[in-house]
Every structure is written in C-alpha cells, then in structure tokens.
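So this one's structure_14.cif, mmCIF, C-alpha atoms:
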```cif
data_model
#
loop_
_atom_site.label_atom_id
_atom_site.label_comp_id
_atom_site.auth_asym_id
_atom_site.auth_seq_id
_atom_site.Cartn_x
_atom_site.Cartn_y
_atom_site.Cartn_z
CA MET A 1 0.00 0.00 0.00
CA THR A 2 1.41 3.38 -0.96
CA ARG A 3 1.90 5.67 1.99
CA VAL A 4 0.87 9.30 1.31
CA ARG A 5 2.98 11.96 2.99
CA LEU A 6 0.80 14.89 4.01
CA LYS A 7 2.40 18.33 4.21
CA GLY A 8 1.85 21.25 6.53
CA ILE A 9 1.39 19.37 9.82
CA ASN A 10 2.62 20.68 13.16
CA THR A 11 3.36 18.11 15.84
CA VAL A 12 3.29 19.16 19.50
CA ARG A 13 4.39 16.90 22.36
CA LYS A 14 3.31 17.65 25.92
CA GLN A 15 3.94 16.01 29.26
CA LEU A 16 0.74 15.44 31.18
CA ALA A 17 0.21 15.80 34.92
CA ASP A 18 0.46 12.02 35.46
CA GLY A 19 3.90 11.95 33.82
CA SER A 20 2.77 10.47 30.50
CA ARG A 21 3.39 12.22 27.19
CA ALA A 22 0.75 13.15 24.65
CA VAL A 23 1.14 14.02 20.99
CA TYR A 24 -1.10 16.62 19.29
CA ARG A 25 -1.11 17.37 15.59
CA TYR A 26 -2.40 20.52 13.91
CA HIS A 27 -2.93 21.69 10.36
CA ARG A 28 -0.27 24.38 10.05
CA ALA A 29 -2.05 26.79 7.72
CA THR A 30 -5.38 26.84 9.59
CA GLY A 31 -4.42 25.85 13.13
CA LEU A 32 -7.17 23.22 13.18
CA PRO A 33 -6.52 20.07 15.27
CA LEU A 34 -6.11 16.78 13.40
CA GLU A 35 -7.81 13.71 14.85
CA GLY A 36 -6.51 10.15 15.05
CA GLU A 37 -3.10 8.73 14.16
CA PRO A 38 -1.33 9.64 10.89
CA GLY A 39 -2.59 7.40 8.14
CA SER A 40 -5.85 6.52 9.88
CA PRO A 41 -9.20 7.32 8.22
CA GLU A 42 -9.97 9.84 11.01
CA PHE A 43 -6.67 11.63 10.44
CA ILE A 44 -7.08 11.78 6.66
CA ALA A 45 -10.69 13.03 7.00
CA SER A 46 -9.77 15.81 9.43
CA TYR A 47 -6.83 16.80 7.20
CA ALA A 48 -9.19 17.00 4.22
CA ARG A 49 -11.58 19.21 6.20
CA ALA A 50 -8.72 21.52 7.15
CA GLN A 51 -7.67 21.74 3.52
CA GLU A 52 -11.23 22.66 2.52
CA THR A 53 -11.25 25.36 5.18
CA LEU A 54 -7.98 26.73 3.82
CA LYS A 55 -9.40 26.69 0.30
CA ALA A 56 -12.51 28.50 1.47
CA ARG A 57 -10.42 31.16 3.21
CA HIS A 58 -8.50 31.87 0.03
CA SER A 59 -11.67 31.96 -2.08
CA GLY A 60 -13.58 34.05 0.46
CA GLU A 61 -16.45 31.55 0.53
CA THR A 62 -16.83 31.20 4.30
CA PHE A 63 -19.41 31.78 7.02
CA ALA A 64 -17.66 35.07 7.88
CA ALA A 65 -17.82 36.20 4.26
CA LEU A 66 -21.53 35.36 4.19
CA VAL A 67 -22.05 37.50 7.30
CA ARG A 68 -20.35 40.45 5.57
CA ALA A 69 -22.47 39.99 2.46
CA TYR A 70 -25.71 39.69 4.44
CA THR A 71 -25.17 42.69 6.72
CA THR A 72 -24.36 44.96 3.75
CA ALA A 73 -27.19 43.74 1.52
CA PRO A 74 -30.22 46.02 0.87
CA GLU A 75 -32.50 43.38 2.40
CA PHE A 76 -30.64 43.99 5.67
CA THR A 77 -29.78 47.70 5.61
CA ASP A 78 -33.04 48.95 4.09
CA ARG A 79 -35.69 46.53 5.29
CA LEU A 80 -34.76 45.87 8.91
CA GLY A 81 -35.17 48.36 11.72
CA ALA A 82 -32.08 49.96 13.23
CA ALA A 83 -32.46 48.05 16.52
CA THR A 84 -32.86 44.73 14.68
CA GLN A 85 -29.77 45.46 12.60
CA ARG A 86 -27.70 46.15 15.71
CA GLU A 87 -28.85 42.97 17.42
CA TYR A 88 -28.29 40.78 14.35
CA LYS A 89 -24.79 42.17 13.86
CA ARG A 90 -23.98 41.58 17.52
CA MET A 91 -25.21 38.00 17.47
CA LEU A 92 -23.58 37.12 14.15
CA THR A 93 -20.30 38.56 15.42
CA LYS A 94 -20.61 36.27 18.45
CA ALA A 95 -20.92 33.28 16.10
CA GLU A 96 -17.85 34.08 14.00
CA PRO A 97 -15.19 32.75 16.43
CA GLN A 98 -16.89 29.35 16.16
CA PHE A 99 -18.00 29.31 12.53
CA GLY A 100 -16.10 32.11 10.78
CA ASP A 101 -13.84 29.75 8.79
CA LEU A 102 -16.64 27.32 7.99
CA PRO A 103 -16.76 26.84 4.20
CA ILE A 104 -19.99 27.73 2.43
CA GLU A 105 -20.09 24.15 1.16
CA ALA A 106 -20.41 22.90 4.74
CA LEU A 107 -23.61 24.94 5.13
CA GLU A 108 -25.13 22.84 2.36
CA ASP A 109 -24.70 19.65 4.41
CA PRO A 110 -27.79 18.85 6.56
CA ARG A 111 -25.44 17.68 9.33
CA VAL A 112 -24.38 21.27 9.93
CA ARG A 113 -27.64 21.69 11.87
CA ARG A 114 -26.21 19.45 14.58
CA ASP A 115 -23.08 21.63 14.81
CA PHE A 116 -25.17 24.76 15.29
CA LEU A 117 -27.40 23.10 17.89
CA ASP A 118 -24.38 21.83 19.85
CA TRP A 119 -22.93 25.34 19.83
CA ARG A 120 -26.23 26.73 21.05
CA GLN A 121 -26.09 24.41 24.08
CA LYS A 122 -22.73 25.90 25.05
CA VAL A 123 -24.07 29.43 24.63
CA ALA A 124 -27.14 28.56 26.71
CA LYS A 125 -24.98 27.40 29.61
CA ALA A 126 -22.93 30.59 29.52
CA SER A 127 -25.54 33.22 28.58
CA GLY A 128 -28.98 31.63 28.99
CA ASP A 129 -31.53 29.97 26.72
CA ARG A 130 -32.97 33.19 25.32
CA GLU A 131 -29.62 34.55 24.14
CA ALA A 132 -28.73 31.15 22.66
CA ASP A 133 -32.00 31.00 20.72
CA ASN A 134 -31.61 34.57 19.48
CA ARG A 135 -28.14 33.88 18.12
CA LEU A 136 -29.44 30.87 16.24
CA SER A 137 -32.38 32.92 14.92
CA ALA A 138 -29.98 35.52 13.51
CA ILE A 139 -27.99 32.81 11.75
CA SER A 140 -31.18 31.25 10.41
CA ALA A 141 -32.33 34.62 9.05
CA MET A 142 -29.01 34.98 7.26
CA LEU A 143 -29.27 31.48 5.79
CA THR A 144 -32.81 32.18 4.55
CA TRP A 145 -31.49 35.32 2.84
CA ALA A 146 -28.74 33.20 1.26
CA VAL A 147 -31.31 30.69 0.00
CA ASP A 148 -33.48 33.46 -1.46
CA GLY A 149 -30.42 34.78 -3.28
CA SER A 150 -29.45 31.33 -4.62
CA ARG A 151 -26.27 31.30 -2.54
CA LEU A 152 -27.42 28.15 -0.70
CA PRO A 153 -29.83 25.38 -1.71
CA ALA A 154 -31.47 25.15 1.74
CA ASN A 155 -31.54 26.60 5.25
CA HIS A 156 -30.86 23.61 7.49
CA LEU A 157 -31.63 25.67 10.62
CA LYS A 158 -35.17 26.48 9.52
CA GLY A 159 -37.78 25.52 12.09
CA PHE A 160 -35.37 24.72 14.92
CA LYS A 161 -37.05 24.15 18.28
CA ARG A 162 -36.40 26.95 20.72
CA LEU A 163 -35.08 26.36 24.24
CA TYR A 164 -36.59 29.50 25.73
CA HIS A 165 -40.30 29.66 26.41
CA ALA A 166 -41.80 32.69 28.13
CA ASP A 167 -45.48 32.67 29.00
CA ARG A 168 -46.36 35.92 30.74
CA SER A 169 -50.04 35.70 29.86
CA GLU A 170 -51.19 36.21 33.45
CA ILE A 171 -48.53 38.71 34.51
CA VAL A 172 -49.93 42.23 34.74
CA TRP A 173 -49.26 45.29 36.86
CA LEU A 174 -51.97 45.63 39.52
CA PRO A 175 -52.88 49.04 40.98
CA GLU A 176 -50.74 48.46 44.05
CA HIS A 177 -47.68 47.71 41.90
CA ILE A 178 -48.15 50.91 39.90
CA ALA A 179 -48.57 52.93 43.09
CA ALA A 180 -45.40 51.42 44.59
CA PHE A 181 -43.38 52.27 41.48
CA MET A 182 -44.74 55.81 41.21
CA ALA A 183 -43.85 56.43 44.87
CA VAL A 184 -40.11 55.79 44.39
CA ALA A 185 -39.30 56.24 40.69
CA PRO A 186 -37.74 59.42 39.22
CA ILE A 187 -40.21 61.68 37.42
CA GLU A 188 -38.85 60.70 33.98
CA LEU A 189 -39.60 57.03 34.66
CA GLN A 190 -43.04 57.85 36.02
CA ARG A 191 -43.79 59.59 32.74
CA ALA A 192 -42.62 56.52 30.82
CA LEU A 193 -44.97 54.30 32.83
CA ILE A 194 -47.95 56.58 32.21
CA LEU A 195 -47.23 56.71 28.48
CA ALA A 196 -46.91 52.93 28.29
CA LEU A 197 -50.04 52.28 30.33
CA HIS A 198 -52.20 54.78 28.44
CA THR A 199 -51.04 53.91 24.91
CA GLY A 200 -50.10 50.21 25.06
CA GLN A 201 -46.94 50.86 23.02
CA ARG A 202 -43.53 49.19 23.18
CA GLN A 203 -40.60 50.67 25.05
CA ALA A 204 -38.64 51.53 21.90
CA ASP A 205 -41.57 53.43 20.36
CA ILE A 206 -42.24 55.33 23.58
CA LEU A 207 -38.61 56.39 24.00
CA SER A 208 -38.45 57.65 20.39
CA LEU A 209 -41.79 59.49 20.56
CA LYS A 210 -41.46 63.18 19.62
CA TRP A 211 -43.54 66.18 20.65
CA ILE A 212 -44.56 66.70 17.05
CA ALA A 213 -46.58 63.47 17.37
CA TYR A 214 -48.86 65.04 20.02
CA ASP A 215 -51.39 67.72 19.01
CA GLY A 216 -53.07 68.18 22.37
CA GLN A 217 -55.71 65.52 21.76
CA VAL A 218 -54.12 62.52 20.07
CA ILE A 219 -50.72 60.89 19.57
CA ARG A 220 -49.77 59.79 16.07
CA LEU A 221 -46.92 57.34 15.55
CA ARG A 222 -45.58 54.58 13.34
CA GLN A 223 -44.36 51.54 15.26
CA GLY A 224 -40.79 50.52 14.65
CA LYS A 225 -41.59 46.81 14.50
CA SER A 226 -44.32 47.34 11.91
CA ARG A 227 -41.72 48.39 9.33
CA ARG A 228 -41.64 45.86 6.49
CA ASN A 229 -39.61 45.66 3.29
CA GLY A 230 -38.09 49.06 3.88
CA LYS A 231 -41.48 50.75 4.21
CA PRO A 232 -42.79 52.37 7.42
CA GLY A 233 -45.76 50.83 9.18
CA PRO A 234 -49.26 52.32 9.16
CA LEU A 235 -49.88 55.53 11.06
CA LEU A 236 -51.60 54.99 14.42
CA THR A 237 -53.84 57.66 15.88
CA ILE A 238 -54.25 57.19 19.64
CA PRO A 239 -56.70 59.48 21.46
CA CYS A 240 -55.17 60.58 24.75
CA THR A 241 -56.87 59.97 28.07
CA SER A 242 -57.44 62.99 30.29
CA ALA A 243 -54.68 61.80 32.65
CA LEU A 244 -52.21 61.50 29.78
CA ARG A 245 -53.12 64.96 28.47
CA VAL A 246 -52.62 66.49 31.91
CA MET A 247 -49.14 64.98 32.10
CA LEU A 248 -48.10 65.99 28.58
CA ASP A 249 -49.53 69.51 28.79
CA GLY A 250 -47.66 70.11 32.04
CA MET A 251 -44.23 69.11 30.69
CA ASP A 252 -41.51 71.39 29.34
CA ARG A 253 -40.59 70.92 25.69
CA ALA A 254 -36.84 71.51 25.88
CA SER A 255 -36.13 68.49 23.66
CA PRO A 256 -37.76 67.23 20.44
CA LEU A 257 -38.38 63.97 22.37
CA ILE A 258 -41.16 63.66 24.92
CA LEU A 259 -39.19 61.39 27.25
CA THR A 260 -35.66 62.39 28.22
CA THR A 261 -33.22 61.87 31.07
CA LYS A 262 -33.15 64.36 33.93
CA THR A 263 -30.48 66.28 32.01
CA GLY A 264 -32.66 66.51 28.91
CA GLN A 265 -30.76 63.89 26.89
CA PRO A 266 -32.35 61.07 24.86
CA PHE A 267 -32.63 57.77 26.73
CA LEU A 268 -30.14 55.14 25.60
CA LYS A 269 -31.66 51.67 25.71
CA ARG A 270 -29.17 50.31 28.24
CA TYR A 271 -29.35 53.36 30.52
CA PHE A 272 -33.14 53.27 30.55
CA ALA A 273 -33.11 49.56 31.39
CA GLU A 274 -30.64 50.09 34.24
CA THR A 275 -32.54 53.01 35.80
CA TRP A 276 -35.87 51.22 35.39
CA GLU A 277 -34.44 48.08 37.01
CA LYS A 278 -33.14 50.11 39.94
CA ALA A 279 -36.52 51.81 40.51
CA ALA A 280 -38.44 48.54 40.17
CA LYS A 281 -36.18 46.90 42.76
CA LEU A 282 -36.68 49.83 45.12
CA ALA A 283 -40.47 49.47 44.64
CA GLY A 284 -40.31 45.76 45.53
CA LEU A 285 -41.36 44.55 42.08
CA GLU A 286 -38.70 41.86 41.71
CA LYS A 287 -40.93 39.35 43.50
CA VAL A 288 -44.63 40.09 43.51
CA GLU A 289 -47.53 37.77 44.13
CA LEU A 290 -50.40 37.66 41.66
CA PRO A 291 -53.75 35.97 42.42
CA SER A 292 -53.55 33.69 39.39
CA LEU A 293 -49.98 32.45 39.97
CA GLU A 294 -48.54 30.09 42.53
CA GLU A 295 -45.01 31.52 42.53
CA PRO A 296 -43.87 35.16 42.88
CA VAL A 297 -42.80 36.81 39.61
CA LYS A 298 -40.74 39.79 38.52
CA LEU A 299 -42.62 42.58 36.74
CA HIS A 300 -41.05 43.89 33.52
CA PHE A 301 -41.64 47.09 31.59
CA HIS A 302 -43.04 45.06 28.69
CA ASP A 303 -45.75 43.70 31.00
CA LEU A 304 -47.29 47.17 30.90
CA ARG A 305 -48.28 46.45 27.30
CA GLY A 306 -50.24 43.41 28.38
CA THR A 307 -51.67 45.40 31.28
CA ALA A 308 -52.94 48.06 28.87
CA VAL A 309 -54.67 45.40 26.78
CA THR A 310 -56.25 43.99 29.94
CA LEU A 311 -57.46 47.42 31.05
CA LEU A 312 -58.94 48.17 27.65
CA SER A 313 -60.80 44.86 27.73
CA GLU A 314 -62.01 45.49 31.28
CA ALA A 315 -63.35 48.83 30.09
CA GLY A 316 -65.50 46.96 27.58
CA CYS A 317 -63.43 47.61 24.45
CA THR A 318 -63.88 45.23 21.56
CA PRO A 319 -60.91 43.60 19.80
CA GLN A 320 -61.46 46.03 16.91
CA GLN A 321 -61.19 48.99 19.27
CA ILE A 322 -58.12 47.58 20.99
CA ALA A 323 -56.45 47.10 17.61
CA THR A 324 -56.76 50.80 16.83
CA ILE A 325 -54.74 51.56 19.98
CA THR A 326 -52.12 48.81 19.90
CA GLY A 327 -51.64 48.77 16.13
CA HIS A 328 -52.07 45.02 15.65
CA SER A 329 -54.16 43.31 13.02
CA LEU A 330 -57.51 42.02 14.23
CA LYS A 331 -56.26 38.44 13.97
CA THR A 332 -53.26 39.31 16.13
CA VAL A 333 -55.44 41.10 18.67
CA HIS A 334 -57.43 37.93 19.26
CA ALA A 335 -54.16 36.03 19.77
CA ILE A 336 -52.92 38.72 22.18
CA LEU A 337 -56.13 38.57 24.18
CA GLU A 338 -55.66 34.84 24.59
CA ARG A 339 -52.06 35.27 25.73
CA TYR A 340 -52.12 38.52 27.67
CA LEU A 341 -55.61 38.88 29.05
CA ALA A 342 -55.14 37.95 32.69
CA ARG A 343 -57.95 36.50 34.76
CA THR A 344 -58.29 39.56 36.98
CA ARG A 345 -61.02 40.25 39.49
CA GLY A 346 -62.31 43.14 37.36
CA LEU A 347 -62.97 40.87 34.40
CA ALA A 348 -64.62 38.28 36.59
CA GLU A 349 -66.91 40.85 38.18
CA GLN A 350 -67.82 42.27 34.76
CA ALA A 351 -68.58 38.79 33.46
CA ILE A 352 -70.89 38.00 36.39
CA HIS A 353 -72.60 41.39 36.04
CA ASN A 354 -73.32 40.67 32.39
CA PHE A 355 -74.48 37.15 33.25
CA GLU A 356 -76.92 38.39 35.88
CA ASN A 357 -78.39 41.17 33.77
CA SER A 358 -78.76 39.50 30.41
CA PRO A 359 -82.35 38.51 29.47
CA ARG A 360 -80.98 35.39 27.78
CA THR A 361 -79.59 34.07 31.08
CA LYS A 362 -82.60 34.99 33.23
CA PHE A 363 -83.61 31.34 33.67
CA ALA A 364 -80.23 30.50 35.11
CA ASN A 365 -80.45 33.27 37.70
CA GLN A 366 -83.78 31.87 38.95
CA LEU A 367 -82.35 28.46 39.76
CA GLN A 368 -82.45 27.60 43.49
CA THR A 369 -81.22 24.55 45.37
CA VAL A 370 -83.85 22.29 46.90
CA ASP A 371 -83.28 19.92 49.81
CA PRO A 372 -84.53 16.44 48.68
CA ALA A 373 -85.83 15.63 52.18
CA ALA A 374 -87.71 18.92 52.40
CA ARG A 375 -89.14 18.35 48.95
CA ALA A 376 -90.37 14.89 49.98
CA GLU A 377 -92.03 16.31 53.12
CA LYS A 378 -93.66 19.03 51.04
CA GLY A 379 -94.95 16.37 48.66
CA LYS A 380 -96.51 14.43 51.53
CA ALA A 381 -98.15 17.55 52.90
CA ASN A 382 -99.61 18.41 49.55
CA GLY A 383 -100.70 14.78 49.04
#
```
Encoding of this model in structure tokens:
Amino acid sequence: MTRVRLKGINTVRKQLADGSRAVYRYHRATGLPLEGEPGSPEFIASYARAQETLKARHSGETFAALVRAYTTAPEFTDRLGAATQREYKRMLTKAEPQFGDLPIEALEDPRVRRDFLDWRQKVAKASGDREADNRLSAISAMLTWAVDGSRLPANHLKGFKRLYHADRSEIVWLPEHIAAFMAVAPIELQRALILALHTGQRQADILSLKWIAYDGQVIRLRQGKSRRNGKPGPLLTIPCTSALRVMLDGMDRASPLILTTKTGQPFLKRYFAETWEKAAKLAGLEKVELPSLEEPVKLHFHDLRGTAVTLLSEAGCTPQQIATITGHSLKTVHAILERYLARTRGLAEQAIHNFENSPRTKFANQLQTVDPAARAEKGKANG
C-alpha cells in the first residue's frame, strides 16, 4: 500500500500531569486540530476538512464572508429596523469565532444543523436559553437570505425548536404595583410608565416618541416593528386619556423627544433599562404575588403592554377597538387577548354582572337549590 505523505502538519508533544506524554497534531495553515493517528481514516478526513477550510479562506467563501455579504445587503440595511440590525450584527459577530472559517459548502450539508445546535447548548450554559435561541435565529435569518439569493440550496436551521419559552399571559401590573413604582421612581420614569399604560406601546416606540406626534388631543406614531420591506408601518392615531393629556400639557418641551433623562438627553436603551431596574427593585417589584400564579414573579416594563390590553378589555373595548390603539391586526389582537388577558377580578366581576343582567340568562339566575328531604315532606303535605 502506498503511503501518502501529508504536508503542513505541526506536531506538538506535551507532558501530562500524570507523567505520560501526549502528541497533538495541527494543520499548520489553519491551526485546526487533526484527529486520530497519521494514516488513519480519522486523520485523513480531518486533514481533508482543514484543507477545505484553507481553500474556502482563500476563495472568500466562508461563514464570515456570508455575514459580511448579508449585513451589507439592501435586504438587511433597508428593510430591517435599526435596533434589529444592531442585534443581528452583535449575534452574528458572536458566532464568528466558532464558525467564521466554515466553508460555504459545509452549510449545504444537513449535518451542519447538529453543529449549530451543539454550539447553542454551550451558549445557553454561559448566557442563557434566550440569548442562545436569538443567536441561532440571527444565523437562520441569514441562511434564509442566502437561500433566497441562490447562494445556498437550503436553510438547514429552519424551524429549529427553541429552548426559551416565556409565557407571561397572566402577569400584569396591579394598581398596588403601579402605586409602589410611582412612589419611588424618578419623574422621567413615572412619565414613561404613564405613556406605556395609556397607549399600550412598546418601550422603543415610547422612548423615540417626539412632541410633534402630540397635538393636544391625540398621539400619532408609526411603530418601529411594523416596518416591512423598507417601508414604514401604518400611522396609528391614539386618542389621549385625560390623565395623559394632563401629564403631557404640564411638561416642558426643551427636547424634540417627549421622554428624556433628567439632564434633557435622549434615553439610551441600556441606561433606561438600568434606571428602570433600579426603581423597580426599590419598589419591591422583583418578587410580587399575583392571584392567578402560585409563585412570585418579577414585573417587567413590557408587562405594561399586556396590562394596557387587559385594562382596555375590562373597560369593555372590543378587539377592533383595541387594535386601533395597539396597532395590531384584528387576527393578532385575538391572539394577544388569549395570551395577555389575565384573569383579573375586574374581568370576573364584569362577566358576572353581564351574566346576571342578560335577558338570555334569566332562567339561570332563577335556579335555586332544593333539599330532597324537604321536597319529599312538602310532597306528603300536599298529598
């Protein structure tokens, strides 16, 4: 049998703690470890993979090159929101140390899915399930773009099962929670809470809301997440409650933005999160008990959105009416009501009130229990 001499191999010998010596071999040009003993099938296969990686580096056809192409493509720069672009770039950058040299050809192999899922497990242990899922979602979005552009035949990450599951359907801010927060929070955070509670909008849209959007009666805005294919979302017109108007009309307009820091500067996302977290902790909202839950939960800013939906429903608003405030499609509103509409006492009392006063349920309200023994005695007496 002819023995093939492979070039470009570094051999490293190390003495282990138990006194034995180990031999490690690496592909010189790429630095990749080579498995098995020289001449073995494992060794030849790992050498071939290293050579393919080297070839891909020289040709520029790698995972890292695909990231560069994706993040500079019009589908990315023109059709995704600024916040989404930042997050995708961050997460794809996190993936490059692991997959940067991966040849494009390897992404065509269905087995690459296993490699990505194994990497996600490591990320989950270090940074949590949600971060791990989000990184994989960013990669999957890039692969879908590559498939649409005929760069890849298939996205082998499509439809992966997520590790993180968050069901906050019964988590809402109750009046006592709002009062506790308002008692300790800085005025700028109190204003943010009132805006969120009275409009049902997301944090990002509230922080970017400008005075020009308020005319004294209504607030008009386009939601950042409703942007699609480079086009802005539909214009929402939200009538202001009297409480919201009182707050807005009493504020100074030193900045184009409605909400600013105490020094009049725009809120950065991280700074707002840190100051909100500090105020919520001071208000005792890190562990609150809700009637519908067995375990204490932590209240988040985003839960105010679900709370607003709940309050609108308690006030008797229809899904169509709620949609005009939140900006969702009617189909999505029904889904939100199923997820976010907590079983609060107010809803229960309203339901019973309607039940008692509806002509169609009159028969049910006339039902009375009857003691069988008493009924038998009454029958004898009448007999």
Could you write out as AutoDock Vina command-line options the box around segment 112-125 of chain A (axis-aligned, all atoms listed in the file, 8 Å on each side), with centre and edge lengths in Å to one decimal?
```
--center_x -25.2 --center_y 24.4 --center_z 19.8 --size_x 20.9 --size_y 26.0 --size_z 35.7
```
Original post:
Counting only C-alpha atoms, what is within 12 Å of segment 220-224 of chain A, bar same-chain residues fewer than 2 positions away, as a PyMOL selection string?
Top reply: chain A and resi 79-84+199-218+226-228+230-240+324-328
Original post:
Using the chain letters and numbers from the file, which residues does the PyMOL selection byres ((chain A and resi 108) around 7) grab, as a PyMOL selection string?
Top reply: chain A and resi 105-107+109-110+152-154
Original post:
Which residues, protein or nucleic acid, reach to within 10 Å of (-41.4, 42.0, 25.3) in the file's coordinates when using only C-alpha atoms, and can you give that as number ranges by chain?
Top reply: A: 166, 168, 202-203, 300-306
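Pairwise distance (atom CA of Gly149 of chain A, atom CA of Ala69 of chain A) equals 11.1 Å.
Counting from atom CA of Ser242 of chain A, the distance to atom CA of Gln190 of chain A is 16.3 Å.
Interatomic distance, atom CA of Leu66 of chain A to atom CA of Glu35 of chain A: 27.8 Å.
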Would you kindly translate the PyMOL selection byres ((chain A and resi 280-282) around 12) into the concrete residues it picks from this file, as a PDB file with C-alpha atoms, in the frame of the given file?
```pdb
ATOM      1  CA  TRP A 173     -49.260  45.290  36.860  1.00  0.00           C
ATOM      2  CA  HIS A 177     -47.680  47.710  41.900  1.00  0.00           C
ATOM      3  CA  ILE A 178     -48.150  50.910  39.900  1.00  0.00           C
ATOM      4  CA  ALA A 179     -48.570  52.930  43.090  1.00  0.00           C
ATOM      5  CA  ALA A 180     -45.400  51.420  44.590  1.00  0.00           C
ATOM      6  CA  PHE A 181     -43.380  52.270  41.480  1.00  0.00           C
ATOM      7  CA  MET A 182     -44.740  55.810  41.210  1.00  0.00           C
ATOM      8  CA  ALA A 183     -43.850  56.430  44.870  1.00  0.00           C
ATOM      9  CA  VAL A 184     -40.110  55.790  44.390  1.00  0.00           C
ATOM     10  CA  ALA A 185     -39.300  56.240  40.690  1.00  0.00           C
ATOM     11  CA  PRO A 186     -37.740  59.420  39.220  1.00  0.00           C
ATOM     12  CA  LEU A 189     -39.600  57.030  34.660  1.00  0.00           C
ATOM     13  CA  GLN A 190     -43.040  57.850  36.020  1.00  0.00           C
ATOM     14  CA  LEU A 193     -44.970  54.300  32.830  1.00  0.00           C
ATOM     15  CA  PHE A 272     -33.140  53.270  30.550  1.00  0.00           C
ATOM     16  CA  ALA A 273     -33.110  49.560  31.390  1.00  0.00           C
ATOM     17  CA  GLU A 274     -30.640  50.090  34.240  1.00  0.00           C
ATOM     18  CA  THR A 275     -32.540  53.010  35.800  1.00  0.00           C
ATOM     19  CA  TRP A 276     -35.870  51.220  35.390  1.00  0.00           C
ATOM     20  CA  GLU A 277     -34.440  48.080  37.010  1.00  0.00           C
ATOM     21  CA  LYS A 278     -33.140  50.110  39.940  1.00  0.00           C
ATOM     22  CA  ALA A 279     -36.520  51.810  40.510  1.00  0.00           C
ATOM     23  CA  ALA A 283     -40.470  49.470  44.640  1.00  0.00           C
ATOM     24  CA  GLY A 284     -40.310  45.760  45.530  1.00  0.00           C
ATOM     25  CA  LEU A 285     -41.360  44.550  42.080  1.00  0.00           C
ATOM     26  CA  GLU A 286     -38.700  41.860  41.710  1.00  0.00           C
ATOM     27  CA  LYS A 287     -40.930  39.350  43.500  1.00  0.00           C
ATOM     28  CA  VAL A 288     -44.630  40.090  43.510  1.00  0.00           C
ATOM     29  CA  LYS A 298     -40.740  39.790  38.520  1.00  0.00           C
ATOM     30  CA  LEU A 299     -42.620  42.580  36.740  1.00  0.00           C
ATOM     31  CA  HIS A 300     -41.050  43.890  33.520  1.00  0.00           C
ATOM     32  CA  PHE A 301     -41.640  47.090  31.590  1.00  0.00           C
TER      33      PHE A 301
END
```
Original post:
Applied to this file, what does the PyMOL selection byres ((chain A and resi 136) around 9) return in terms of residues, put as a list in words?
Top reply: Met91, Leu92, Ala95, Phe116, Leu117, Arg120, Glu131, Ala132, Asp133, Asn134, Arg135, Ser137, Ala138, Ile139, Ser140, Ala141, Leu157 and Phe160 of chain A
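Between Lys89 of chain A and the candidates A:Asp115, A:Ser358, A:His198, A:Met142, the tightest atom-to-atom separation, counting only C-alpha atoms, involves A:Met142.
Nearest residue to Phe63 of chain A among A:Pro97, A:Gly128, A:Pro319, A:Pro175 is A:Pro97, counting only C-alpha atoms.
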**OP:** Could you tell me which of A:Tyr271, A:Ser329, A:Tyr70, A:Ser20 comes closest to Leu143 of chain A if we count all atoms listed in the file?
**Re:** A:Tyr70
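Among the candidate residues A:Val172, A:Ala50, A:Ile9, A:Ile258, the one lying nearest to Pro103 of chain A is A:Ala50, with distances computed using all atoms listed in the file.
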Subject >> Residue contacts of Tyr26 of chain A (12 Å, all atoms listed in the file) excluding same-chain residues fewer than 3 positions away, as a PyMOL selection string >> reply: chain A and resi 6-13+23+29-38+43+46-47+50-51
